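Dumped query22.cif below, it's mmCIF, C-alpha atoms and all ligand atoms:
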```cif
data_structure
#
loop_
_atom_site.label_atom_id
_atom_site.label_comp_id
_atom_site.auth_asym_id
_atom_site.auth_seq_id
_atom_site.Cartn_x
_atom_site.Cartn_y
_atom_site.Cartn_z
CA MET S 1 0.00 0.00 0.00
CA THR S 2 1.16 3.53 -0.69
CA THR S 3 -0.21 7.03 -0.73
CA ALA S 4 0.70 10.48 -2.04
CA GLU S 5 3.95 12.14 -1.06
CA ILE S 6 3.66 15.36 0.94
CA THR S 7 4.42 18.56 -0.97
CA GLY S 8 4.42 22.24 0.03
CA ASN S 9 0.85 22.65 -1.17
CA PRO S 10 -1.89 23.42 -0.33
CA PRO S 11 -1.27 26.92 1.09
CA GLY S 12 -1.73 26.96 4.83
CA SER S 13 -0.58 23.36 5.28
CA PHE S 14 2.24 22.57 7.69
CA ALA S 15 4.71 21.99 4.83
CA TRP S 16 3.67 25.23 3.15
CA GLY S 17 4.36 27.10 6.40
CA VAL S 18 7.86 25.65 6.63
CA LEU S 19 8.71 26.75 3.07
CA HIS S 20 6.92 30.07 3.29
CA ASP S 21 7.76 31.22 6.83
CA ARG S 22 10.43 29.07 8.43
CA HIS S 23 13.00 29.13 5.63
CA PRO S 24 13.14 32.95 5.27
CA LYS S 25 13.51 33.23 9.07
CA LEU S 26 16.32 30.73 8.97
CA ILE S 27 18.18 32.76 6.37
CA THR S 28 17.91 35.78 8.68
CA GLN S 29 19.05 33.78 11.68
CA VAL S 30 22.08 32.46 9.82
CA ARG S 31 22.94 35.93 8.52
CA ASP S 32 22.81 37.35 12.05
CA GLY S 33 24.76 34.51 13.63
CA LEU S 34 28.22 35.10 12.18
CA PRO S 35 30.05 38.10 10.61
CA TYR S 36 29.83 36.95 7.01
CA PRO S 37 31.52 38.96 4.23
CA PRO S 38 29.49 40.90 1.59
CA THR S 39 29.77 38.05 -0.96
CA THR S 40 27.99 35.74 1.48
CA GLU S 41 25.37 38.39 2.26
CA ARG S 42 24.63 38.58 -1.46
CA ALA S 43 24.44 34.79 -1.79
CA LEU S 44 21.96 34.72 1.12
CA ASP S 45 19.91 37.48 -0.55
CA GLU S 46 19.82 35.41 -3.73
CA LEU S 47 18.65 32.34 -1.85
CA ALA S 48 15.95 34.37 -0.07
CA GLU S 49 14.74 35.46 -3.49
CA GLU S 50 15.03 32.02 -5.06
CA ILE S 51 12.79 30.35 -2.47
CA THR S 52 9.91 32.57 -3.53
CA GLY S 53 10.06 31.27 -7.11
CA GLU S 54 11.59 28.37 -9.01
CA ILE S 55 14.27 25.96 -7.88
CA ARG S 56 17.51 26.91 -9.62
CA PRO S 57 19.80 24.13 -10.88
CA LEU S 58 22.58 22.93 -8.59
CA PRO S 59 24.97 20.10 -9.52
CA GLY S 60 23.64 16.89 -8.01
CA TRP S 61 20.22 18.46 -7.33
CA GLU S 62 18.87 18.77 -10.89
CA GLU S 63 15.89 16.46 -10.30
CA HIS S 64 13.33 19.22 -9.68
CA ALA S 65 15.11 22.27 -11.12
CA GLY S 66 12.77 24.78 -12.74
CA ARG S 67 9.77 23.80 -10.59
CA SER S 68 8.16 25.68 -7.73
CA TRP S 69 9.48 24.78 -4.26
CA TYR S 70 5.88 24.14 -3.27
CA GLU S 71 5.16 21.54 -5.97
CA VAL S 72 8.00 19.12 -5.36
CA PRO S 73 8.22 16.53 -2.54
CA PHE S 74 8.49 18.43 0.74
CA LEU S 75 11.36 16.24 1.97
CA TRP S 76 13.33 16.98 -1.17
CA ALA S 77 12.56 20.73 -1.04
CA GLU S 78 13.67 21.05 2.59
CA SER S 79 16.87 19.09 2.02
CA CYS S 80 17.68 21.12 -1.08
CA PHE S 81 17.10 24.34 0.87
CA TYR S 82 19.61 23.30 3.56
CA ARG S 83 22.12 22.26 0.90
CA LYS S 84 21.78 25.65 -0.80
CA LEU S 85 22.03 27.50 2.51
CA LEU S 86 25.35 25.79 3.20
CA GLY S 87 26.48 26.63 -0.32
CA ALA S 88 25.58 30.30 0.24
CA VAL S 89 27.75 30.53 3.37
CA GLY S 90 30.71 28.88 1.65
CA TYR S 91 30.54 25.67 3.65
CA PHE S 92 31.78 23.47 0.81
CA ALA S 93 34.14 25.86 -1.00
CA PRO S 94 37.87 25.99 -0.23
CA GLY S 95 38.50 29.12 1.82
CA PRO S 96 38.24 30.46 5.36
CA TRP S 97 34.51 29.68 5.72
CA GLN S 98 34.82 26.10 4.57
CA SER S 99 33.27 23.71 7.12
CA VAL S 100 32.15 26.54 9.43
CA ASP S 101 28.77 25.41 10.78
CA PRO S 102 26.28 28.29 10.28
CA PHE S 103 24.14 26.86 13.07
CA GLU S 104 27.01 26.64 15.58
CA PRO S 105 26.04 29.88 17.39
CA VAL S 106 22.56 28.58 18.24
CA LYS S 107 23.82 25.12 19.11
CA SER S 108 26.49 26.50 21.49
CA ALA S 109 24.04 28.87 23.14
CA GLU S 110 21.78 25.93 23.88
CA LEU S 111 24.60 23.88 25.40
CA ARG S 112 25.34 26.79 27.75
CA SER S 113 21.70 27.62 28.55
CA PRO S 114 20.15 27.40 32.04
CA GLU S 115 17.53 25.03 30.58
CA PHE S 116 20.28 22.64 29.58
CA ALA S 117 21.85 22.81 33.05
CA GLY S 118 18.38 22.15 34.48
CA ASP S 119 18.01 19.06 32.27
CA LEU S 120 21.24 17.66 33.70
CA ASP S 121 20.33 18.49 37.29
CA THR S 122 17.04 16.64 37.03
CA ALA S 123 18.35 13.68 34.97
CA ARG S 124 17.38 10.38 36.61
CA PRO S 125 19.36 7.21 36.01
CA ASP S 126 16.52 4.66 35.68
CA ARG S 127 15.98 3.24 32.21
CA ASP S 128 12.47 4.56 31.62
CA ALA S 129 13.49 8.07 32.69
CA LEU S 130 16.46 7.90 30.31
CA LEU S 131 14.23 6.76 27.48
CA ALA S 132 11.70 9.51 28.20
CA ALA S 133 14.46 12.17 28.33
CA SER S 134 15.79 11.00 24.97
CA LEU S 135 12.29 11.01 23.48
CA TRP S 136 11.15 14.39 24.81
CA GLY S 137 14.57 15.95 24.20
CA ASN S 138 13.37 15.97 20.60
CA ARG S 139 10.41 18.18 21.46
CA ALA S 140 11.71 21.63 20.60
CA ASP S 141 14.52 21.44 18.08
CA LEU S 142 15.96 24.78 17.07
CA GLY S 143 14.29 24.79 13.66
CA PHE S 144 10.87 23.98 15.11
CA ARG S 145 11.14 26.88 17.56
CA LEU S 146 11.58 29.33 14.70
CA SER S 147 8.03 28.90 13.55
CA SER S 148 6.14 27.19 16.32
CA GLY S 149 7.61 28.57 19.51
CA GLU S 150 8.59 26.09 22.17
CA ALA S 151 6.07 23.29 22.51
CA THR S 152 4.93 23.35 26.12
CA GLY S 153 1.87 21.23 26.79
CA ASP S 154 2.48 17.55 27.20
CA GLY S 155 -0.10 15.57 25.27
CA GLY S 156 1.68 12.42 26.29
CA LEU S 157 2.49 9.27 24.44
CA LEU S 158 -0.01 8.24 21.80
CA VAL S 159 1.80 4.92 21.41
CA ASP S 160 4.08 3.46 24.06
CA GLN S 161 5.93 0.31 23.02
CA SER S 162 8.79 0.90 25.44
CA GLN S 163 8.45 -2.60 26.92
CA GLU S 164 8.89 -4.11 23.45
CA LEU S 165 11.93 -1.90 22.98
CA TRP S 166 13.51 -3.02 26.27
CA SER S 167 12.86 -6.65 25.33
CA LEU S 168 14.62 -6.11 22.04
CA LEU S 169 17.53 -4.37 23.71
CA GLY S 170 17.96 -7.09 26.32
CA GLU S 171 20.07 -9.22 24.05
CA GLY S 172 23.47 -7.50 23.98
CA GLY S 173 25.12 -7.07 20.60
CA ARG S 174 25.30 -3.81 18.67
CA VAL S 175 22.67 -1.08 18.90
CA VAL S 176 22.44 1.61 16.23
CA LEU S 177 21.18 4.97 17.44
CA VAL S 178 20.35 7.37 14.61
CA ALA S 179 20.73 10.76 16.26
CA ASP S 180 18.73 13.84 15.44
CA ASN S 181 19.40 17.22 17.08
CA SER S 182 22.46 18.31 19.03
CA ALA S 183 22.70 19.76 22.55
CA ARG S 184 19.47 19.27 24.56
CA GLU S 185 18.50 16.23 22.50
CA LEU S 186 21.93 14.73 21.95
CA VAL S 187 22.93 14.73 25.62
CA PRO S 188 19.97 12.57 26.72
CA ASP S 189 20.70 10.34 23.69
CA LEU S 190 24.25 9.97 24.96
CA LEU S 191 22.99 9.19 28.46
CA LEU S 192 20.78 6.49 26.93
CA ALA S 193 23.81 5.14 25.04
CA ASP S 194 25.73 5.10 28.34
CA HIS S 195 22.94 3.02 29.92
CA LEU S 196 22.91 0.63 26.96
CA LEU S 197 26.67 0.18 27.11
CA ALA S 198 26.56 -0.50 30.84
CA ASP S 199 23.75 -3.03 30.69
CA ARG S 200 22.47 -4.10 27.34
CA ALA S 201 24.82 -3.61 24.40
CA ALA S 202 28.41 -4.58 23.59
CA SER S 203 28.62 -1.53 21.38
CA VAL S 204 26.58 1.45 20.23
CA VAL S 205 26.90 3.02 16.80
CA LEU S 206 25.76 6.64 16.76
CA HIS S 207 24.81 7.94 13.32
CA VAL S 208 25.16 11.71 12.94
CA LYS S 209 25.02 14.03 9.92
CA PRO S 210 28.13 14.59 7.79
CA TYR S 211 27.30 18.29 7.44
CA PRO S 212 24.93 20.82 9.07
CA TYR S 213 21.30 20.07 8.37
CA TYR S 214 17.81 20.98 9.63
CA VAL S 215 19.29 23.64 11.93
CA SER S 216 20.39 21.71 14.96
CA ASP S 217 21.09 18.21 13.65
CA ALA S 218 24.09 16.65 15.34
CA LEU S 219 27.52 16.40 13.72
CA LEU S 220 30.64 14.73 15.12
CA THR S 221 31.76 18.15 16.39
CA ASP S 222 28.47 18.40 18.32
CA VAL S 223 29.06 14.97 19.87
CA ILE S 224 32.48 16.11 21.05
CA ALA S 225 31.06 19.39 22.40
CA ALA S 226 28.29 17.49 24.19
CA LEU S 227 30.76 15.04 25.74
CA ARG S 228 32.92 17.93 26.95
CA ARG S 229 29.91 19.67 28.46
CA LEU S 230 28.69 16.43 30.01
CA SER S 231 32.12 15.70 31.48
CA GLU S 232 31.91 18.97 33.45
CA SER S 233 29.02 17.72 35.55
CA HIS S 234 28.15 14.07 34.93
CA PRO S 235 30.17 10.84 35.25
CA ALA S 236 28.74 9.56 31.95
CA GLY S 237 30.84 12.15 30.10
CA GLU S 238 34.06 10.40 31.09
CA ARG S 239 32.63 6.91 30.53
CA LEU S 240 31.39 7.75 27.05
CA THR S 241 34.65 9.45 26.09
CA ARG S 242 36.47 6.26 27.11
CA ALA S 243 33.94 4.14 25.19
CA MET S 244 34.66 6.20 22.07
CA ARG S 245 38.39 5.67 22.45
CA GLU S 246 37.82 1.93 22.90
CA GLY S 247 35.50 1.70 19.89
CA ARG S 248 32.47 0.63 21.94
CA LEU S 249 30.80 3.91 21.06
CA GLU S 250 31.37 4.51 17.39
CA VAL S 251 30.25 7.62 15.51
CA ARG S 252 29.36 7.33 11.83
CA ALA S 253 28.34 10.08 9.41
CA HIS S 254 26.97 8.43 6.30
CA PRO S 255 26.35 10.74 3.29
CA PHE S 256 22.84 9.28 2.95
CA SER S 257 21.95 10.89 6.30
CA CYS S 258 21.60 14.20 4.43
CA ALA S 259 19.97 12.75 1.30
CA PRO S 260 16.53 14.07 0.30
CA TRP S 261 14.96 10.60 0.22
CA SER S 262 13.42 8.14 2.62
CA TYR S 263 15.27 5.08 3.92
CA HIS S 264 13.51 3.01 1.26
CA ASP S 265 16.26 4.26 -1.07
CA MET S 266 19.20 3.70 1.27
CA PRO S 267 22.44 2.28 -0.17
CA SER S 268 23.43 -1.30 0.60
CA ASP S 269 26.25 -0.47 3.05
CA LEU S 270 23.84 1.47 5.25
CA ALA S 271 21.21 -1.28 4.96
CA ASP S 272 23.88 -3.81 6.05
CA ASP S 273 24.69 -1.63 9.06
CA PHE S 274 21.04 -1.62 10.16
CA ALA S 275 20.51 -5.30 9.27
CA SER S 276 23.36 -6.49 11.49
CA ALA S 277 22.28 -4.49 14.56
CA THR S 278 20.28 -5.89 17.47
CA ALA S 279 18.04 -2.88 16.93
CA THR S 280 18.10 0.51 15.25
CA ILE S 281 16.65 3.41 17.21
CA MET S 282 15.53 6.30 15.01
CA LYS S 283 15.34 9.62 16.81
CA GLY S 284 13.16 12.54 15.91
CA ASP S 285 10.71 13.79 13.39
CA LEU S 286 12.78 13.90 10.25
CA ASN S 287 14.13 10.38 10.78
CA TYR S 288 10.52 9.27 11.28
CA ARG S 289 9.46 10.85 8.00
CA ARG S 290 12.36 9.13 6.29
CA LEU S 291 11.61 5.81 8.00
CA VAL S 292 7.92 5.51 7.15
CA GLY S 293 8.01 7.62 3.97
CA ASP S 294 7.00 11.30 3.84
CA ARG S 295 3.48 10.48 2.77
CA ARG S 296 -0.11 11.22 3.65
CA TRP S 297 -0.66 7.89 5.41
CA PRO S 298 -4.00 7.44 7.12
CA PRO S 299 -2.73 7.81 10.72
CA THR S 300 -4.04 4.37 11.68
CA THR S 301 -1.83 2.65 9.05
CA PRO S 302 0.08 0.00 11.02
CA PHE S 303 3.68 0.91 11.89
CA ASP S 304 4.72 -2.68 11.09
CA GLU S 305 3.34 -2.23 7.60
CA VAL S 306 5.12 1.04 6.77
CA THR S 307 8.43 -0.24 8.17
CA ALA S 308 8.20 -3.79 6.78
CA TYR S 309 10.95 -3.00 4.24
CA PHE S 310 13.46 -1.92 6.92
CA PRO S 311 16.37 -4.37 7.21
CA GLY S 312 16.21 -5.28 10.89
CA PRO S 313 14.35 -4.49 14.11
CA VAL S 314 13.62 -0.79 14.33
CA ALA S 315 12.24 1.60 16.94
CA ALA S 316 11.13 5.21 16.58
CA LEU S 317 11.37 7.74 19.42
CA ARG S 318 9.54 10.71 18.00
CA THR S 319 7.74 13.82 19.14
CA MET S 320 5.26 14.71 16.44
CA LYS S 321 6.21 17.83 14.48
CA CYS S 322 4.75 17.37 11.00
CA ASP S 323 1.74 15.88 9.25
CA VAL S 324 3.10 12.34 8.89
CA ALA S 325 1.51 9.86 11.27
CA ALA S 326 1.27 6.07 11.36
CA GLY S 327 0.31 3.43 13.88
CA ILE S 328 -1.94 5.74 15.92
CA PRO S 329 -4.92 3.97 17.55
CA ALA S 330 -8.25 4.82 15.87
CA ASP S 331 -9.88 6.10 19.09
CA ALA S 332 -6.99 8.53 19.67
CA VAL S 333 -7.25 9.80 16.08
CA THR S 334 -10.99 10.39 16.48
CA ARG S 335 -10.52 12.21 19.79
CA LEU S 336 -7.62 14.37 18.58
CA ASP S 337 -9.22 15.25 15.25
CA ALA S 338 -12.36 16.34 17.12
CA SER S 339 -10.29 18.52 19.49
CA GLY S 340 -9.30 20.88 16.65
CA GLU S 341 -5.72 20.99 17.90
CA GLN S 342 -2.81 20.59 15.46
CA TRP S 343 -1.91 17.34 17.18
CA ARG S 344 0.21 15.95 14.36
CA SER S 345 2.58 18.90 14.25
CA ASN S 346 2.49 20.96 17.47
CA GLY S 347 5.18 18.93 19.22
CA THR S 348 3.12 18.01 22.27
CA HIS S 349 2.46 14.38 21.36
CA ALA S 350 4.92 11.58 20.95
CA VAL S 351 5.27 7.93 20.04
CA ILE S 352 7.57 5.07 20.96
CA GLN S 353 6.97 2.56 18.20
CA VAL S 354 8.74 -0.73 17.60
CA ARG S 355 8.86 -3.27 14.81
CA ALA S 356 10.74 -6.29 16.10
O1 LIG S 401 14.58 17.72 14.46
P1 LIG S 401 13.42 16.89 14.03
O2 LIG S 401 12.71 16.24 15.15
O3 LIG S 401 13.83 15.93 12.99
O4 LIG S 401 12.37 17.88 13.42
C1 LIG S 401 12.62 18.56 12.27
C2 LIG S 401 11.60 19.61 12.06
O5 LIG S 401 11.66 20.02 10.77
C3 LIG S 401 10.56 19.54 10.01
O6 LIG S 401 11.08 18.50 9.27
C4 LIG S 401 9.98 20.61 9.20
O7 LIG S 401 10.94 21.52 8.86
C5 LIG S 401 9.52 19.06 10.95
O8 LIG S 401 9.09 17.82 10.62
C6 LIG S 401 10.19 19.16 12.27
O9 LIG S 401 9.54 20.17 12.96
#
```

How does this structure look as structure tokens?
Ligand SMILES: O=P(O)(O)OC[C@H]1O[C@](O)(CO)[C@@H](O)[C@@H]1O
Amino acid sequence: MTTAEITGNPPGSFAWGVLHDRHPKLITQVRDGLPYPPTTERALDELAEEITGEIRPLPGWEEHAGRSWYEVPFLWAESCFYRKLLGAVGYFAPGPWQSVDPFEPVKSAELRSPEFAGDLDTARPDRDALLAASLWGNRADLGFRLSSGEATGDGGLLVDQSQELWSLLGEGGRVVLVADNSARELVPDLLLADHLLADRAASVVLHVKPYPYYVSDALLTDVIAALRRLSESHPAGERLTRAMREGRLEVRAHPFSCAPWSYHDMPSDLADDFASATATIMKGDLNYRRLVGDRRWPPTTPFDEVTAYFPGPVAALRTMKCDVAAGIPADAVTRLDASGEQWRSNGTHAVIQVRA
């Protein structure tokens, strides 16, 4: 079974709002974050203008050139936008700005924020608290806050298969954790990895992005910054640093992690990585969209069905921040639809879903 891919239309939809409102704000935020030279300012101006019209050709991204940003698959349009934003700030070109993360100022500020310190102070070591911290750490990523403000209410878990997840993870072996955002999400992910390494896994492979993406997505440099910050006030910082040196915690940054397609199209080496793991844990909203396909699934479509193709046991820890939904019980869908709230995308609901 399949259904239509999400695009930026119709006007007023969640995807439309991201393209229409969030992306221009992001350009402004990036511009304000670092003292870029006039050539970069001009490139950012050009991108701000381009996103109101047609997609201009870019080597490797010709697939939808000449079309409106709103007509093409939303996942592709967003990924292309981030790729072009990095191009505009000289991220890929030889020169002084090469590899300078345009989102680093916001990521660093978060790592030094009182909220972050509060997270650490209240962190509890039991497994369910660690799982919940990792899940809800995804609630307000830095891109989401640009257009939606910080999600506050807690609508709770619409699906809670945490017991199935713990059963899966009880078997040792290698666990793959596909990270999402840095700082306030990555640190609880690392604390979860620390718990797994102590109790349930011989090794953990942490997948991060090879280059900046979706504002706050974690890179290797963010893992290192998080470990340093953690080491200042939590014993797990030292343990995890040692685990990295010993190869029990391994960081990978596969190019496909920034590709504009779902995991259905993943290359064989990545599929082998997932297939040979005890379990793969997918963090966050974007990974969820890529896992189940960025499509207008009826929200009751079984999670097992939309992930049947995935090469190995897989779990999703996701706060809901877009229109994609699957595996939601029918009575919950009826109740939430009747409430009139934007339950699919306002970041106050979450799921822990497992396909063993
Ligand atoms: O960091 P996450 O959880 O992947 O969320 C990414 C955000 O960006 C979006 O992909 C839209 O830009 C939303 O789905 C979500 O709000």

Using all atoms listed in the file, find each residue with an atom at most 8 Å away from ligand LIG 401 (chain S) and format the answer as a ChimeraX atom specification.
/S:15,18,22,75,78,138-144,180-181,214-217,283-289,318-323,345,347

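Residues with any atom within 8 Å of Gly170 (chain S), counting all atoms listed in the file and excluding same-chain neighbours fewer than 2 positions away, are Trp166, Ser167, Leu168, Gly172, Arg200 and Ala201 of chain S.
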
Could you work out how far CA of Leu131 (chain S) lies from CA of Phe103 (chain S), giving the answer in Å with one decimal?
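Taking CA of Phe103 (chain S) and CA of Leu131 (chain S), their separation equals 26.6 Å.
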
Which protein, DNA or RNA residues have an atom at most 8 Å from (31.1, 6.9, 14.0), counting all atoms listed in the file? List them as a PyMOL selection string.
chain S and resi 205-208+220+249-253

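With distances taken over all atoms listed in the file, S:Arg228 is the one residue among S:Val175, S:Tyr91, S:Lys209, S:Arg228 lying closest to Leu111 (chain S).
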
Between CA of Thr241 (chain S) and CA of Ile224 (chain S), distance in Å (one decimal)
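Atom-to-atom, CA of Thr241 (chain S) and CA of Ile224 (chain S) are spaced 8.6 Å apart.
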
With distances taken over all atoms listed in the file, which residue among S:Arg83, S:Arg355, S:Arg31, S:His264 lies nearest Glu164 (chain S)?
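With all atoms listed in the file as the atom set, the closest residue is S:Arg355.
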
Show me the residues close to (27.6, 36.7, 5.1) - anything with an atom within 12 Å, counting only C-alpha atoms - and format the list as a PyMOL selection string.
chain S and resi 27-46+85-91+97+100+102

Writing out the chosen residues with C-alpha atoms as a PDB file, keeping the file's coordinate frame:
```pdb
ATOM      1  CA  ILE S  27      18.180  32.760   6.370  1.00  0.00           C
ATOM      2  CA  THR S  28      17.910  35.780   8.680  1.00  0.00           C
ATOM      3  CA  GLN S  29      19.050  33.780  11.680  1.00  0.00           C
ATOM      4  CA  VAL S  30      22.080  32.460   9.820  1.00  0.00           C
ATOM      5  CA  ARG S  31      22.940  35.930   8.520  1.00  0.00           C
ATOM      6  CA  ASP S  32      22.810  37.350  12.050  1.00  0.00           C
ATOM      7  CA  GLY S  33      24.760  34.510  13.630  1.00  0.00           C
ATOM      8  CA  LEU S  34      28.220  35.100  12.180  1.00  0.00           C
ATOM      9  CA  PRO S  35      30.050  38.100  10.610  1.00  0.00           C
ATOM     10  CA  TYR S  36      29.830  36.950   7.010  1.00  0.00           C
ATOM     11  CA  PRO S  37      31.520  38.960   4.230  1.00  0.00           C
ATOM     12  CA  PRO S  38      29.490  40.900   1.590  1.00  0.00           C
ATOM     13  CA  THR S  39      29.770  38.050  -0.960  1.00  0.00           C
ATOM     14  CA  THR S  40      27.990  35.740   1.480  1.00  0.00           C
ATOM     15  CA  GLU S  41      25.370  38.390   2.260  1.00  0.00           C
ATOM     16  CA  ARG S  42      24.630  38.580  -1.460  1.00  0.00           C
ATOM     17  CA  ALA S  43      24.440  34.790  -1.790  1.00  0.00           C
ATOM     18  CA  LEU S  44      21.960  34.720   1.120  1.00  0.00           C
ATOM     19  CA  ASP S  45      19.910  37.480  -0.550  1.00  0.00           C
ATOM     20  CA  GLU S  46      19.820  35.410  -3.730  1.00  0.00           C
ATOM     21  CA  LEU S  85      22.030  27.500   2.510  1.00  0.00           C
ATOM     22  CA  LEU S  86      25.350  25.790   3.200  1.00  0.00           C
ATOM     23  CA  GLY S  87      26.480  26.630  -0.320  1.00  0.00           C
ATOM     24  CA  ALA S  88      25.580  30.300   0.240  1.00  0.00           C
ATOM     25  CA  VAL S  89      27.750  30.530   3.370  1.00  0.00           C
ATOM     26  CA  GLY S  90      30.710  28.880   1.650  1.00  0.00           C
ATOM     27  CA  TYR S  91      30.540  25.670   3.650  1.00  0.00           C
ATOM     28  CA  TRP S  97      34.510  29.680   5.720  1.00  0.00           C
ATOM     29  CA  VAL S 100      32.150  26.540   9.430  1.00  0.00           C
ATOM     30  CA  PRO S 102      26.280  28.290  10.280  1.00  0.00           C
TER      31      PRO S 102
END
```

Which residues come within 7 Å of Glu185 (chain S), counting all atoms listed in the file, excluding same-chain residues fewer than 3 positions away, as a PyMOL selection string?
chain S and resi 134+137-138+181-182+188-189
